[in-house]
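K.L.:
run.cif is the file, holding mmCIF, C-alpha atoms:
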```cif
data_target
loop_
_atom_site.label_atom_id
_atom_site.label_comp_id
_atom_site.auth_asym_id
_atom_site.auth_seq_id
_atom_site.Cartn_x
_atom_site.Cartn_y
_atom_site.Cartn_z
CA ALA A 12 48.53 16.69 45.31
CA ARG A 13 50.96 14.38 43.52
CA VAL A 14 49.56 15.28 40.09
CA LEU A 15 49.68 18.99 40.92
CA ASP A 16 53.33 18.67 42.00
CA ASP A 17 54.25 16.78 38.84
CA ALA A 18 52.55 19.36 36.65
CA SER A 19 54.43 22.21 38.33
CA VAL A 20 57.73 20.71 37.18
CA LEU A 21 56.59 20.60 33.56
CA GLY A 22 55.79 24.31 33.43
CA LEU A 23 52.71 26.44 32.89
CA THR A 24 51.50 24.21 30.05
CA PHE A 25 51.95 20.48 29.67
CA THR A 26 50.59 17.44 27.89
CA THR A 27 48.74 14.51 29.42
CA GLU A 28 51.52 12.25 28.13
CA GLY A 29 54.13 14.39 29.83
CA ILE A 30 52.51 14.28 33.24
CA ARG A 31 51.82 10.57 32.85
CA ALA A 32 55.58 10.02 32.49
CA LEU A 33 56.11 11.59 35.94
CA THR A 34 53.13 10.18 37.81
CA PRO A 35 53.18 6.69 39.43
CA THR A 36 51.01 4.12 37.68
CA ASP A 37 48.90 3.54 40.78
CA VAL A 38 47.58 7.12 40.65
CA ASP A 39 44.24 7.69 38.89
CA LEU A 40 45.69 10.35 36.60
CA ASP A 41 42.61 10.92 34.45
CA GLY A 42 40.41 11.31 37.52
CA ALA A 43 42.90 13.66 39.18
CA LEU A 44 43.18 15.84 36.08
CA GLU A 45 39.42 16.07 35.75
CA SER A 46 39.11 17.01 39.42
CA LEU A 47 41.75 19.73 39.07
CA ARG A 48 39.96 21.10 36.02
CA ARG A 49 36.67 21.26 37.92
CA LYS A 50 38.44 23.15 40.72
CA GLU A 51 39.74 25.59 38.07
CA ILE A 52 43.38 24.84 38.81
CA PHE A 53 43.95 23.48 35.30
CA THR A 54 42.29 24.45 32.05
CA ILE A 55 42.71 23.37 28.44
CA GLU A 56 44.49 25.75 26.07
CA SER A 57 41.85 26.64 23.49
CA ASP A 58 43.37 29.56 21.59
CA PRO A 59 43.51 28.40 17.93
CA ARG A 60 46.56 30.63 17.40
CA SER A 61 48.54 28.95 20.15
CA PRO A 62 50.98 26.13 19.30
CA GLU A 63 50.00 24.66 22.69
CA ARG A 64 46.33 24.37 21.82
CA GLY A 65 44.80 21.27 23.40
CA GLN A 66 47.41 21.08 26.15
CA LEU A 67 46.63 21.47 29.82
CA ARG A 68 47.56 24.75 31.46
CA PHE A 69 47.67 26.18 34.97
CA LEU A 70 44.88 28.71 35.20
CA GLN A 71 47.13 30.95 37.30
CA ALA A 72 50.92 31.09 37.20
CA LEU A 73 50.95 31.64 40.97
CA LEU A 74 49.36 28.23 41.54
CA ARG A 75 52.16 26.59 39.63
CA THR A 76 54.82 28.55 41.55
CA VAL A 77 53.35 27.63 44.94
CA ALA A 78 53.13 23.94 44.02
CA TYR A 79 56.71 23.92 42.71
CA ASP A 80 58.07 25.70 45.79
CA THR A 81 56.61 23.05 48.10
CA LEU A 82 58.64 20.28 46.46
CA SER A 83 61.73 19.05 48.25
CA ARG A 84 65.06 19.40 46.49
CA ARG A 85 65.24 15.65 45.92
CA ASP A 86 61.72 15.60 44.44
CA ARG A 87 62.54 18.49 42.12
CA GLN A 88 65.65 16.74 40.92
CA SER A 89 63.99 13.38 40.28
CA ARG A 90 61.02 14.93 38.49
CA HIS A 91 63.14 17.17 36.28
CA LEU A 92 65.29 14.19 35.28
CA ALA A 93 62.13 12.20 34.50
CA ALA A 94 60.75 15.08 32.44
CA ALA A 95 64.00 15.35 30.48
CA GLU A 96 64.03 11.62 29.80
CA PHE A 97 60.42 11.72 28.60
CA LEU A 98 60.95 14.70 26.28
CA ALA A 99 64.15 13.18 24.86
CA GLY A 100 62.14 10.18 23.70
CA GLU A 101 59.47 12.24 21.98
CA PRO A 102 59.31 12.82 18.18
CA GLY A 103 60.94 16.13 17.34
CA SER A 104 63.17 16.03 20.38
CA VAL A 105 65.98 17.71 18.40
CA ALA A 106 63.88 20.85 18.10
CA MET A 107 63.22 20.67 21.85
CA ALA A 108 66.87 20.36 22.86
CA ALA A 109 66.90 23.72 24.65
CA VAL A 110 63.76 22.83 26.65
CA ILE A 111 65.17 19.43 27.62
CA SER A 112 68.44 21.06 28.68
CA GLU A 113 66.52 23.34 31.06
CA HIS A 114 65.12 20.33 32.88
CA TYR A 115 68.64 18.95 33.30
CA LEU A 116 69.90 22.31 34.57
CA ASP A 117 66.97 22.61 36.98
CA ALA A 118 67.84 19.14 38.27
CA VAL A 119 71.43 20.30 38.84
CA ALA A 120 70.24 23.47 40.58
CA ALA A 121 68.00 21.45 42.89
CA MET A 122 70.84 19.26 44.16
CA PRO A 123 74.23 20.35 42.78
CA GLU A 124 76.04 18.02 45.17
CA ALA A 125 74.12 14.90 44.09
CA ALA A 126 75.82 12.10 42.18
CA GLU A 127 73.53 12.68 39.20
CA ALA A 128 74.43 16.36 38.87
CA ALA A 129 77.62 15.98 36.81
CA ALA A 130 75.97 13.77 34.20
CA ALA A 131 72.94 16.07 34.04
CA LYS A 132 75.13 19.12 33.51
CA SER A 133 77.10 17.35 30.79
CA GLU A 134 73.89 16.38 28.99
CA ALA A 135 72.52 19.92 29.32
CA THR A 136 75.72 21.27 27.76
CA ARG A 137 75.45 18.85 24.86
CA LEU A 138 71.81 19.72 24.25
CA LEU A 139 72.38 23.47 24.39
CA GLU A 140 75.12 23.18 21.80
CA GLN A 141 72.80 21.03 19.69
CA ALA A 142 70.08 23.67 20.02
CA ALA A 143 72.56 26.38 19.01
CA GLU A 144 73.60 24.43 15.94
CA HIS A 145 69.94 23.96 14.98
CA ALA A 146 69.23 27.68 15.45
CA ARG A 147 72.24 28.59 13.32
CA SER A 148 71.20 26.16 10.58
CA VAL A 149 67.76 27.78 10.25
CA GLY A 150 69.11 31.33 10.29
CA ALA A 151 68.14 32.20 13.88
CA THR A 152 71.51 33.84 14.43
CA HIS A 153 70.73 35.83 17.58
CA ALA A 154 69.17 32.78 19.23
CA ALA A 155 72.25 30.73 18.32
CA MET A 156 74.50 33.39 19.87
CA THR A 157 72.52 33.26 23.11
CA LEU A 158 72.62 29.47 23.24
CA TYR A 159 76.35 29.34 22.54
CA SER A 160 76.88 31.84 25.37
CA ARG A 161 74.92 29.59 27.72
CA VAL A 162 77.15 26.65 26.79
CA LEU A 163 80.26 28.65 27.57
CA GLY A 164 78.77 29.71 30.90
CA LEU A 165 78.46 26.08 31.97
CA GLU A 166 82.24 25.57 32.13
CA PRO A 167 82.31 22.86 29.45
CA SER A 168 85.23 20.65 28.52
CA ASP A 169 88.23 22.26 26.80
CA ASP A 170 87.24 20.79 23.43
CA THR A 171 83.73 22.17 23.72
CA PHE A 172 84.90 25.56 24.95
CA ILE A 173 87.25 26.00 21.98
CA ARG A 174 84.75 24.70 19.41
CA VAL A 175 81.86 26.81 20.69
CA THR A 176 84.03 29.91 21.04
CA LEU A 177 85.02 29.63 17.38
CA ARG A 178 81.41 29.29 16.27
CA ARG A 179 80.16 32.08 18.47
CA THR A 180 82.91 34.39 17.24
CA ASP A 181 81.93 33.64 13.64
CA LEU A 182 78.36 34.68 14.45
CA ALA A 183 79.56 37.80 16.25
CA THR A 184 81.52 38.72 13.11
CA TYR A 185 78.48 38.07 10.91
CA LEU A 186 76.36 40.34 13.14
CA TYR A 187 79.10 42.99 13.48
CA ASP A 188 78.75 42.50 17.23
CA LYS A 189 81.25 44.72 19.07
CA GLU A 190 80.43 43.58 22.62
CA GLY A 191 83.44 42.59 24.65
CA SER A 192 82.48 39.10 25.80
CA ALA A 193 83.53 37.51 22.49
CA ARG A 194 87.08 38.78 22.93
CA GLU A 195 87.23 37.62 26.53
CA GLN A 196 86.04 34.17 25.51
CA VAL A 197 88.57 33.96 22.68
CA ALA A 198 91.38 35.03 25.02
CA ARG A 199 90.39 32.28 27.43
CA ALA A 200 90.09 29.72 24.62
CA ILE A 201 93.57 30.68 23.40
CA ASP A 202 94.97 30.11 26.89
CA ILE A 203 93.27 26.69 27.02
CA ALA A 204 94.60 25.73 23.58
CA ARG A 205 98.13 26.89 24.41
CA ARG A 206 98.23 24.90 27.64
CA ALA A 207 97.14 21.83 25.69
CA GLY A 208 99.74 22.42 22.94
CA ARG A 209 97.02 22.85 20.31
CA GLU A 210 98.78 25.38 18.10
CA ASN A 211 96.36 24.97 15.18
CA ASP A 212 93.49 26.02 17.45
CA VAL A 213 95.52 28.94 18.77
CA LEU A 214 96.11 30.24 15.25
CA GLU A 215 92.50 29.78 14.23
CA LEU A 216 91.29 31.63 17.31
CA ARG A 217 93.74 34.47 16.70
CA CYS A 218 92.52 34.74 13.13
CA ARG A 219 88.84 34.77 14.14
CA ILE A 220 89.18 37.46 16.80
CA ALA A 221 91.24 39.63 14.45
CA THR A 222 88.58 39.23 11.77
CA LEU A 223 85.89 40.30 14.23
CA ALA A 224 87.96 43.31 15.28
CA VAL A 225 88.66 44.45 11.71
CA ARG A 226 85.04 44.05 10.63
CA THR A 227 83.76 46.01 13.62
CA GLY A 228 86.08 48.97 13.10
CA ASP A 229 89.07 48.41 15.37
CA ASP A 230 92.49 49.84 14.59
CA VAL A 231 93.48 48.03 11.41
CA GLN A 232 97.25 48.39 11.77
CA THR A 233 97.30 46.60 15.14
CA TRP A 234 95.32 43.63 13.87
CA GLN A 235 97.13 43.55 10.54
CA SER A 236 100.36 42.74 12.40
CA GLU A 237 98.57 39.97 14.32
CA LEU A 238 97.21 38.51 11.10
CA LEU A 239 100.61 38.57 9.40
CA GLU A 240 102.03 36.50 12.27
CA VAL A 241 99.22 33.98 11.85
CA MET A 242 99.78 33.87 8.10
CA GLU A 243 103.49 33.16 8.50
CA ALA A 244 102.72 30.28 10.87
CA CYS A 245 100.27 28.77 8.38
CA LEU A 246 102.38 28.91 5.21
CA GLY A 247 103.62 25.48 4.13
CA ARG A 248 101.21 23.66 6.45
CA PRO A 249 98.45 21.64 4.72
CA ASP A 250 96.59 21.26 8.04
CA ARG A 251 96.35 25.05 8.39
CA VAL A 252 95.14 25.99 4.92
CA GLY A 253 91.63 26.87 6.17
CA THR A 254 93.07 29.31 8.69
CA LEU A 255 95.41 30.66 6.01
CA VAL A 256 92.51 31.40 3.67
CA GLN A 257 90.53 33.24 6.34
CA THR A 258 93.63 35.17 7.40
CA VAL A 259 94.37 36.35 3.86
CA ARG A 260 90.75 37.37 3.33
CA THR A 261 90.92 39.56 6.42
CA LEU A 262 94.30 40.96 5.43
CA CYS A 263 92.69 42.02 2.15
CA LEU A 264 90.03 43.85 4.19
CA CYS A 265 92.88 45.59 6.02
CA ALA A 266 94.37 46.59 2.68
CA GLN A 267 91.01 47.92 1.55
CA ALA A 268 90.65 49.97 4.74
CA THR A 269 94.14 51.46 4.36
CA GLY A 270 93.94 51.94 0.60
CA ASN A 271 96.88 49.64 -0.10
CA PRO A 272 96.10 47.28 -3.00
CA GLU A 273 99.74 46.32 -3.35
CA PHE A 274 99.66 44.81 0.14
CA ALA A 275 96.56 42.78 -0.74
CA ARG A 276 98.23 41.50 -3.90
CA ASP A 277 101.40 40.58 -2.01
CA VAL A 278 99.74 38.52 0.73
CA THR A 279 97.42 36.83 -1.77
CA GLN A 280 100.27 35.81 -4.05
CA ARG A 281 102.29 34.49 -1.11
CA ALA A 282 99.39 32.31 0.02
CA LEU A 283 98.13 31.20 -3.38
CA ASP A 284 100.54 28.31 -3.90
CA ASP A 285 99.48 26.72 -0.60
CA VAL A 286 95.81 27.37 -1.24
CA GLU A 287 95.92 25.86 -4.73
CA ARG A 288 97.88 22.87 -3.47
CA TYR A 289 96.04 22.15 -0.22
CA GLY A 290 92.71 23.98 -0.38
CA ASP A 291 89.53 23.47 -2.34
CA ASP A 292 88.11 25.29 -5.36
CA GLY A 293 86.16 27.68 -3.14
CA ASP A 294 89.35 28.67 -1.35
#
```
Rewrite the structure from the file as structure tokens, please.
P.N.:
Amino acid sequence: ARVLDDASVLGLTFTTEGIRALTPTDVDLDGALESLRRKEIFTIESDPRSPERGQLRFLQALLRTVAYDTLSRRDRQSRHLAAAEFLAGEPGSVAMAAVISEHYLDAVAAMPEAAEAAAAKSEATRLLEQAAEHARSVGATHAAMTLYSRVLGLEPSDDTFIRVTLRRTDLATYLYDKEGSAREQVARAIDIARRAGRENDVLELRCRIATLAVRTGDDVQTWQSELLEVMEACLGRPDRVGTLVQTVRTLCLCAQATGNPEFARDVTQRALDDVERYGDDGD
């Protein structure tokens, strides 16, 4: 029964090493696994096309659900934390960050009032952001968007909320994503940054949401005024040159949309001294 309970925490498929990390050393694990295979509770994944080939698997998902549901909240928490610790020590754990984070979140869900819950939630947040960064780096843009959204849903620290909001908004702009949650998140991030006196972050967030709006077909004149305010606040400030560059790029898109090349030339010339002085060659 102990081995069956441990396996239910790991999921429908699991490795012998994984279940060994959860099972007490005084349990005859090999004998228990063999017995459960004979009883057709577990089987070995044999599909050559499956990345889980060779791993153990519950023969029926219902068996796993029943075993998991019989665990006490404390047992669920302790086993999920043990599973997360085991997976974090495995080779390739970076690629498994999202899976590890789920174990931490399941531990929190089991006993949200427990002393371990805050640390588990913090680690889950860190791992989800790590997974999002990995997905973005390999071009899995939609997956990265989903993972960033999960981070924001966990009520992270102010620093994390602002950082992740900026990155998610960039991806929304890249995907021409018009859904409203990005704007709501940016509005909240701006409030957080303003309360903390982080004016550089406020300007960058204003620039990013305006860029998303312009690229997805919003009223250009409204956002052009917003962008001009951001530009004015960035001129003469070396620490804001990156925001200045992005702002001018988007203002040039506004000029293109309104058929006003003179406006594009004007804002570019006004910014160029700062960009040449403080920016890089790409800028």
K.L.:
Under the PyMOL selection byres ((chain A and resi 23) around 6), which residues of this model are included? Write them out as a list in words.
P.N.:
Gly22, Thr24, Arg68 and Phe69 of chain A
K.L.:
Find the spatial neighbours of stretch 227-240 of chain A, counting all atoms listed in the file, within a cut-off of 9 Å - ignore same-chain residues fewer than 3 positions away - and output them as a compact mmCIF listing (two decimals) with C-alpha atoms, in the frame of the given file.
P.N.:
```txt
# COMPACT_ATOMS: atom_id res chain seq x y z
CA THR A 184 81.52 38.72 13.11
CA TYR A 187 79.10 42.99 13.48
CA ASP A 188 78.75 42.50 17.23
CA LYS A 189 81.25 44.72 19.07
CA ARG A 217 93.74 34.47 16.70
CA CYS A 218 92.52 34.74 13.13
CA ALA A 221 91.24 39.63 14.45
CA THR A 222 88.58 39.23 11.77
CA LEU A 223 85.89 40.30 14.23
CA ALA A 224 87.96 43.31 15.28
CA GLU A 243 103.49 33.16 8.50
CA ALA A 244 102.72 30.28 10.87
CA CYS A 245 100.27 28.77 8.38
CA THR A 258 93.63 35.17 7.40
CA VAL A 259 94.37 36.35 3.86
CA THR A 261 90.92 39.56 6.42
CA LEU A 262 94.30 40.96 5.43
CA CYS A 265 92.88 45.59 6.02
CA ALA A 266 94.37 46.59 2.68
CA ALA A 268 90.65 49.97 4.74
CA THR A 269 94.14 51.46 4.36
CA VAL A 278 99.74 38.52 0.73
```
K.L.:
Draw an axis-aligned box tight on the listed atoms of stretch 199-202 of chain A, then pad every side by 3 Å and write out centre and edge lengths in Å to one decimal as lines of an AutoDock Vina configuration file.
P.N.:
```
center_x = 92.5
center_y = 31.0
center_z = 25.4
size_x = 10.9
size_y = 8.6
size_z = 10.0
```
K.L.:
What does the distance between atom CA of A:Phe97 and atom CA of A:Ala131 come to in Å, to one decimal place?
P.N.:
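Calculated distance between atom CA of A:Phe97 and atom CA of A:Ala131 is 14.3 Å.
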K.L.:
For the structure provided, state which residues fall under the PyMOL selection byres ((chain A and resi 129) around 12), and present them as number ranges by chain.
P.N.:
A: 115-116, 118-120, 122-128, 130-136, 165-167
K.L.:
Taking the file as shown, what set of residues would the PyMOL selection byres ((chain A and resi 275) around 9) give back, as a list of chain:residue names?
P.N.:
A:Val259, A:Arg260, A:Leu262, A:Cys263, A:Leu264, A:Cys265, A:Ala266, A:Gln267, A:Asn271, A:Pro272, A:Glu273, A:Phe274, A:Arg276, A:Asp277, A:Val278, A:Thr279, A:Gln280
K.L.:
Using all atoms listed in the file, pick whichever of A:Leu44, A:Leu216, A:Leu21, A:Val197 has the shortest atom-to-atom distance to A:Val110.
P.N.:
A:Leu21
K.L.:
Env of A:Thr81: 12 Å cut, atoms = all atoms listed in the file, seq-sep filter 5 positions within chain, self excluded. Answer as a list of chain:residue names.
P.N.:
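Listing them by chain and then by number gives A:Ala12, A:Arg13, A:Leu15, A:Asp16, A:Asp17, A:Ser19, A:Val20, A:Leu74, A:Arg75, A:Thr76, A:Asp86, A:Arg87.
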K.L.:
Record the distance separating atom CA of A:Ser112 and atom CA of A:Leu139, expressed in Å with one decimal.
P.N.:
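Taking atom CA of A:Ser112 as the start and atom CA of A:Leu139 as the end point, the length is 6.3 Å.
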K.L.:
Any chance you could build stretch 123-143 of chain A out to N, CA and C atoms and write it as a CSV table (one decimal), keeping the file's coordinate frame?
P.N.:
```csv
chain,number,residue,atom,x,y,z
A,123,PRO,N,72.9,20.3,43.5
A,123,PRO,CA,74.2,20.4,42.8
A,123,PRO,C,75.3,19.4,43.3
A,124,GLU,N,75.1,18.9,44.6
A,124,GLU,CA,76.0,18.0,45.2
A,124,GLU,C,75.7,16.6,44.9
A,125,ALA,N,74.6,16.3,44.3
A,125,ALA,CA,74.1,14.9,44.1
A,125,ALA,C,75.0,14.2,43.0
A,126,ALA,N,75.0,12.9,43.1
A,126,ALA,CA,75.8,12.1,42.2
A,126,ALA,C,75.4,12.3,40.7
A,127,GLU,N,74.1,12.6,40.5
A,127,GLU,CA,73.5,12.7,39.2
A,127,GLU,C,73.8,14.0,38.6
A,128,ALA,N,74.3,15.0,39.3
A,128,ALA,CA,74.4,16.4,38.9
A,128,ALA,C,75.4,16.5,37.7
A,129,ALA,N,76.6,15.8,37.8
A,129,ALA,CA,77.6,16.0,36.8
A,129,ALA,C,77.1,15.5,35.5
A,130,ALA,N,76.5,14.3,35.5
A,130,ALA,CA,76.0,13.8,34.2
A,130,ALA,C,74.9,14.7,33.6
A,131,ALA,N,74.0,15.2,34.5
A,131,ALA,CA,72.9,16.1,34.0
A,131,ALA,C,73.5,17.3,33.4
A,132,LYS,N,74.5,17.9,34.0
A,132,LYS,CA,75.1,19.1,33.5
A,132,LYS,C,75.8,18.9,32.2
A,133,SER,N,76.5,17.7,32.0
A,133,SER,CA,77.1,17.4,30.8
A,133,SER,C,76.1,17.2,29.7
A,134,GLU,N,74.9,16.6,30.0
A,134,GLU,CA,73.9,16.4,29.0
A,134,GLU,C,73.2,17.7,28.6
A,135,ALA,N,73.1,18.6,29.6
A,135,ALA,CA,72.5,19.9,29.3
A,135,ALA,C,73.4,20.7,28.4
A,136,THR,N,74.7,20.6,28.6
A,136,THR,CA,75.7,21.3,27.8
A,136,THR,C,75.6,20.8,26.3
A,137,ARG,N,75.6,19.4,26.2
A,137,ARG,CA,75.4,18.8,24.9
A,137,ARG,C,74.2,19.3,24.1
A,138,LEU,N,73.1,19.3,24.9
A,138,LEU,CA,71.8,19.7,24.2
A,138,LEU,C,71.8,21.2,23.9
A,139,LEU,N,72.3,22.0,24.7
A,139,LEU,CA,72.4,23.5,24.4
A,139,LEU,C,73.2,23.7,23.1
A,140,GLU,N,74.3,23.0,23.0
A,140,GLU,CA,75.1,23.2,21.8
A,140,GLU,C,74.3,22.7,20.6
A,141,GLN,N,73.6,21.6,20.8
A,141,GLN,CA,72.8,21.0,19.7
A,141,GLN,C,71.7,22.0,19.3
A,142,ALA,N,71.1,22.7,20.3
A,142,ALA,CA,70.1,23.7,20.0
A,142,ALA,C,70.7,24.9,19.3
A,143,ALA,N,71.9,25.3,19.7
A,143,ALA,CA,72.6,26.4,19.0
A,143,ALA,C,72.9,26.1,17.6
```
